[in-house]
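Here is the structure we will look at.
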Amino acid sequence: MKTKSLIILVSLLVVTFFSFNIGQPTTPYQNNYFDKLKRFENLQEQLISAIKKLPEPIIDSAKSQLKNEMLQCRLAYKGLDFWMRYLEPIAQKKINGPLPIEWETEVFEKYEKPYKREGAGFTLALQYLEEDKIDKAVLLNLIQQSRNASRVYEADSIAKNLQTHHSFFLCNRLFLLNLASIYTTGFDCPDKDQILPELKAMLKEVDEIYSSYNQSFPNTKLPDSYLILFAKTRAFVDSQPSEYASFNHYQFIREFVNPLFAANQNLIRKYHVISRSFVDYSLNKNANSIFSKELYIGQNSKGVYLRINEESTLAKIDEVGKLLFFDPILSGNNQRSCVSCHKPTQFFTDTSTITSLQYNHAGFLDRNTPSLVNATYNHLLMADGQHFTLQTQNKAVITNPIEMGANEADLMQKVLSCAEYKEAFSQLLPFTPTEKEINFDHITSAITYYYSKFSKHNSPFDLAMNQVTQASPNIVRGFNVFMGKAECGTCHFAPIFNGVKPPYVGSEFEVLGTPQDKDYKALSKDLGRYLINPAFETKHGFRTGTIRNASNTKPYMHNGVFKTLEEVIEFYNGGGGAGRGLSVENQTLSSDSLQLTQLEKEDLIAFIGSLTEQIPVEEAPKKLPKSQNNALNKRKVGGEY
Amino acid sequence: MLLIACSVAKQSPKTTESKDNSQTKAPTNLTKKIDFTFPDDSLIMSESAKAEFVANIEKGEIIYSLLCAKCHNKLVNGVEVVPDFSLPQLMDYEMRIQYPSHEDRLTETNLSVKELDQVVDYLRYKKKTGVHF
């Protein structure tokens, strides 16, 4: 018995020893990862012991010493960000999260309740250092959490990703997307003076990662052409003036980041890179530009018809979708259609009213009609994010008693009383084998498929970023202000310029302190996201909308309080509601003035104008399908609202 | 799991038209049986929840046969069998990303979140065939 247990013990030890050995780095690429991680963890340890030793209260000179040490940690962290954000994005939020609490509803779990994710780490610690009275325990906790999160990256389950070429190109893709979206905007770097030094440090570290990768994977190398362009990228950043406000984001993304991205996408295809991460869930590997409408897959506009790819069948769905979009038969009173509020001539919104009329003209709705253009590039829909799919959103509007006032049974009966609809949907029925008969899903799917085609068009700014054209100097200046001094890009992420940031797995909400009236007497009463997910952080929070086509989609904000872009920019320039003296204790927008000059404001407006997409003119159908019920045949194309 | 073996008559559109005698008449050859178990909490499930559960499973079966059967079904003694999948194999979104062969097939553009759930429910609650995948 004893010898048997001994044998078991020995063999266990052997197994442990070997598995430990397997986990050890064997390639220069793996060594590089573990070296960087070790260096970072050592700096974290030093910082923790430095904080522990500090006598309380913490005096100013000690604060600046701590700040320096934290900045050193951040620089070391920049060498790992490349891997961390991709391999374990949730732990990354503890290391250098931008916010203390985030409520998330990510793409793969959007049918579940939003997750509460608590951030920690250097960004929050540095912000905390700016406060007058500092509690050592709070500071220590923020750093200790960051330290603990770093250990996650030592695990075999994460490090094993470094054994193949696959995750390298996917990490690199996310890195390049973030270079265009968050690394240069100060998204997780509130101290603007640090943005460029950190960017330079990061590019240097990534250069090392590239070399170690190429040594380790000679069969799936980054080609010389890529490395030359990357060297030029670094040289460009080095050549930029040291003050952050002068950084040329336009040239950086257009001439460097986007071509690198295209090359990386090409390598992903060439080397048959396979993803096993939700981080790639929404990304199309066939898109060759960050400024391509193909990149982010977004919502399923086809609904129940999703597997149809045949052009002629899709054309049929589009045709019937268009008729329905203009047909007031979808409303309870047969007078209101989708176009009553989403006018094709006005970028599928209504620019003539602050908020639209309610059903049966009983007053006005609480919220401004959003444009349907680019609605598909969202995870959550509506200002409060209450819907997950375009089709459920569509249903909710049609059956809402104060919007279109329909009920499902009557609506189905009315639509199918029209031979043209019945025939079209009957022909399409075999494409949805799980459905035995024509139902509401077929109707909403046709509608969302129809209007989503207007989201596929490019703007002059996209053409400039894709090097088809060159943007004029005021637009370039405007984009640089947008990404830099005005901080717009920290919430309206390039390239969609809404609240969906790479890798496009969630929608962000912001609390801006939007007033009820232009005179800032009171905060808008609308609780926004709080109505869906009640929490301190979500009160008066609204989903970040897109800047695309904003020149043509007035009025602005959830309640349409601002009529012009000038007013909107003034609102942000003044620090939102809190900056104007309203009490907004959970405002996510800084209440400090941006101190924009008149020229900067004008340039911003010019840039926003360049995001106006070239949407084709849409003619209303000549007539609507005839119903067996003659009373319905009096209805007018587009309704009468 | 409560092992209540149920047989639900899945009727073709033709038989549903004759509502009055569908319950009394013996199943015709157009009627197909699907066997599955209800989930643990089925005792407290309302009738409508049960009906929805059954409808979902039926849809899951159709989608499975459409998108999955070709690669996953096994031939046992010349008969095509839907294999049993383990719970870890049926981890919703992870099914999309954990298998290279799924990368282009189980995209959201080819199978919606709702449909994936239906397939998972079908595979989870269908009667076991004893053939493992």
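Going by the structure tokens order, chains are called A, B, ..., each with residues numbered from 1, while ligands are numbered from 1 in the order shown.
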Using DSSP on the backbone coordinates, identify the residues of region 36-178 of chain A assigned to strand (DSSP E); present them as a PyMOL selection string.
chain A and resi 101-104+115-118
Could you please select, counting only C-alpha atoms, the residues of chain A within 12 Å of chain B and state them as a short mmCIF file (atom, residue, chain, number, x, y, z; two decimals) with C-alpha atoms, in the first residue's frame?
data_model
loop_
_atom_site.label_atom_id
_atom_site.label_comp_id
_atom_site.auth_asym_id
_atom_site.auth_seq_id
_atom_site.Cartn_x
_atom_site.Cartn_y
_atom_site.Cartn_z
CA GLU A 106 -21.90 42.87 -24.27
CA VAL A 107 -22.76 41.30 -27.55
CA PHE A 108 -22.70 37.70 -26.41
CA GLU A 109 -24.66 38.29 -23.24
CA LYS A 110 -26.99 41.02 -24.29
CA TYR A 111 -30.06 39.09 -23.28
CA HIS A 166 -3.41 33.21 -34.34
CA HIS A 272 -5.80 31.59 -42.03
CA VAL A 273 -5.98 33.16 -38.61
CA ILE A 274 -8.76 31.69 -36.51
CA SER A 275 -10.36 33.46 -33.61
CA ARG A 276 -11.48 31.82 -30.42
CA SER A 277 -12.38 35.01 -28.66
CA PHE A 278 -15.57 36.99 -28.31
CA VAL A 279 -13.40 40.03 -28.92
CA ASP A 280 -13.58 39.26 -32.65
CA TYR A 281 -17.28 38.54 -32.61
CA SER A 282 -18.38 41.66 -34.45
CA LEU A 283 -15.47 42.14 -36.81
CA ASN A 284 -15.43 41.23 -40.47
CA LYS A 285 -12.05 39.91 -41.54
CA ASN A 286 -12.75 40.83 -45.15
CA TYR A 296 -18.30 46.19 -37.93
CA ILE A 297 -20.99 43.65 -38.67
CA GLY A 298 -23.49 45.32 -36.37
CA GLN A 299 -27.14 44.40 -36.15
CA ASN A 300 -28.87 41.72 -38.16
CA SER A 301 -30.93 43.90 -40.46
CA LYS A 302 -32.41 40.90 -42.25
CA GLY A 303 -34.13 39.56 -39.14
CA VAL A 304 -35.76 36.20 -39.81
CA TYR A 305 -34.51 36.34 -43.39
CA LEU A 306 -30.88 36.36 -42.24
CA ARG A 307 -29.68 33.40 -44.27
CA ILE A 308 -30.93 34.74 -47.58
CA ASN A 309 -28.09 35.97 -49.75
CA PHE A 388 -31.33 44.38 -28.54
CA THR A 389 -32.50 43.87 -32.09
CA PHE A 431 -37.01 30.79 -46.55
CA THR A 432 -38.03 30.73 -42.88
CA PRO A 433 -38.61 27.01 -42.30
CA THR A 434 -39.18 27.42 -38.58
CA GLU A 435 -42.23 29.60 -39.23
CA LYS A 436 -45.46 27.89 -40.20
CA GLU A 437 -47.28 31.03 -41.23
#
In Å, how far is it from CA of Val561 (chain A) to CA of Lys518 (chain A)?
6.4 Å
Neighbouring residues of Asn96 (chain A) were defined as those with any atom within 6 Å, considering only C-alpha atoms; residues of the same chain fewer than 6 positions away were excluded. Please report them as a VMD selection string.
chain A and resid 121 to 123
Determine which residues of region 24-88 of chain B DSSP labels as helix (DSSP H, G or I) from the backbone of this structure, then write them out as an MDAnalysis selection string.
chainID B and resid 40:44 47:72 87:88
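In this structure, CA of Val237 (chain A) sits 16.4 Å away from CA of Leu75 (chain A).
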Please provide the set of residues having any atom within 7 Å of Phe497 (chain A), restricted to only C-alpha atoms, with same-chain residues fewer than 2 positions apart removed, written as a compact mmCIF listing (two decimals) with all heavy atoms, in the first residue's frame.
# COMPACT_ATOMS: atom_id res chain seq x y z
N HIS A 492 -17.37 59.46 -28.61
CA HIS A 492 -17.83 59.19 -29.98
C HIS A 492 -16.65 58.58 -30.73
O HIS A 492 -15.88 59.27 -31.38
CB HIS A 492 -18.29 60.48 -30.67
CG HIS A 492 -19.50 61.09 -30.04
ND1 HIS A 492 -20.77 60.70 -30.33
CD2 HIS A 492 -19.61 62.09 -29.13
CE1 HIS A 492 -21.64 61.42 -29.63
NE2 HIS A 492 -20.96 62.27 -28.89
N PHE A 493 -16.54 57.24 -30.63
CA PHE A 493 -15.33 56.59 -31.09
C PHE A 493 -15.26 56.49 -32.61
O PHE A 493 -16.22 56.05 -33.25
CB PHE A 493 -15.26 55.18 -30.49
CG PHE A 493 -15.31 55.17 -28.99
CD1 PHE A 493 -16.47 54.81 -28.33
CD2 PHE A 493 -14.22 55.57 -28.24
CE1 PHE A 493 -16.54 54.81 -26.94
CE2 PHE A 493 -14.27 55.57 -26.84
CZ PHE A 493 -15.44 55.20 -26.20
N ALA A 494 -14.09 56.84 -33.14
CA ALA A 494 -13.86 56.61 -34.57
C ALA A 494 -13.83 55.09 -34.77
O ALA A 494 -13.34 54.37 -33.90
CB ALA A 494 -12.51 57.22 -34.97
N PRO A 495 -14.35 54.58 -35.90
CA PRO A 495 -14.81 55.29 -37.09
C PRO A 495 -16.33 55.52 -37.16
O PRO A 495 -16.78 56.23 -38.03
CB PRO A 495 -14.42 54.29 -38.19
CG PRO A 495 -14.63 52.96 -37.54
CD PRO A 495 -14.25 53.14 -36.10
N GLY A 499 -21.14 55.38 -29.55
CA GLY A 499 -20.59 54.84 -28.30
C GLY A 499 -20.13 53.40 -28.39
O GLY A 499 -20.02 52.73 -27.38
N THR A 546 -24.50 58.56 -32.91
CA THR A 546 -23.42 58.81 -33.87
C THR A 546 -23.38 60.28 -34.29
O THR A 546 -24.39 60.97 -34.30
CB THR A 546 -23.57 57.90 -35.11
OG1 THR A 546 -22.47 58.19 -36.00
CG2 THR A 546 -24.87 58.15 -35.86
N ILE A 547 -22.16 60.70 -34.65
CA ILE A 547 -21.96 62.05 -35.18
C ILE A 547 -22.23 62.05 -36.69
O ILE A 547 -22.44 63.10 -37.29
CB ILE A 547 -20.51 62.50 -34.92
CG1 ILE A 547 -20.19 62.47 -33.43
CG2 ILE A 547 -20.21 63.87 -35.49
CD1 ILE A 547 -20.97 63.46 -32.62
N ARG A 548 -22.19 60.88 -37.29
CA ARG A 548 -22.42 60.81 -38.74
C ARG A 548 -23.77 61.43 -39.08
O ARG A 548 -24.76 61.17 -38.41
CB ARG A 548 -22.37 59.35 -39.21
CG ARG A 548 -20.95 58.79 -39.20
CD ARG A 548 -20.88 57.36 -39.66
NE ARG A 548 -19.50 56.92 -39.68
CZ ARG A 548 -18.71 57.01 -40.77
NH1 ARG A 548 -19.20 57.45 -41.92
NH2 ARG A 548 -17.45 56.65 -40.71
Provide the CA of Gly78 (chain B) to CA of Phe133 (chain B) distance in Å, to one decimal place.
16.8 Å
Name the residues in contact with Asp84 (chain B) at a cut-off of 12 Å, using only C-alpha atoms, excluding same-chain residues fewer than 2 positions from it; report them as a ChimeraX atom specification.
/B:72-74,81-82,86-90,120,122-133
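Near Cys73 (chain A), within 9 Å and counting only C-alpha atoms, sit Phe40, Glu41, Leu43, Gln44, Leu47, Asn68, Glu69, Met70, Leu71, Leu75, Ala76, Tyr77, Lys78 and Phe122 of chain A; same-chain residues fewer than 2 positions away were not included.
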Please identify all polymer residues within 8 Å of Leu611 (chain A), counting only C-alpha atoms, omitting same-chain residues fewer than 3 positions from it, and present them as a PyMOL selection string.
chain A and resi 459-462+547-550+607-608
Can you check which parts of region 222-336 of chain A lie within 10 Å of region 614-624 of chain A? Per residue, the shortest pair of atoms and distance in Å to one decimal, counting only C-alpha atoms, sorted by chain and number, as JSON lines.
{"residue": "A:Glu319", "atom": "CA", "partner": "A:Pro621", "partner_atom": "CA", "distance": 9.8}
{"residue": "A:Lys322", "atom": "CA", "partner": "A:Pro621", "partner_atom": "CA", "distance": 7.9}
{"residue": "A:Leu323", "atom": "CA", "partner": "A:Leu624", "partner_atom": "CA", "distance": 6.6}
{"residue": "A:Leu324", "atom": "CA", "partner": "A:Leu624", "partner_atom": "CA", "distance": 8.6}
{"residue": "A:Phe325", "atom": "CA", "partner": "A:Ala620", "partner_atom": "CA", "distance": 9.6}
{"residue": "A:Phe326", "atom": "CA", "partner": "A:Ala620", "partner_atom": "CA", "distance": 7.2}
{"residue": "A:Asp327", "atom": "CA", "partner": "A:Leu624", "partner_atom": "CA", "distance": 6.7}
{"residue": "A:Pro328", "atom": "CA", "partner": "A:Leu624", "partner_atom": "CA", "distance": 9.5}
{"residue": "A:Ile329", "atom": "CA", "partner": "A:Leu624", "partner_atom": "CA", "distance": 9.5}
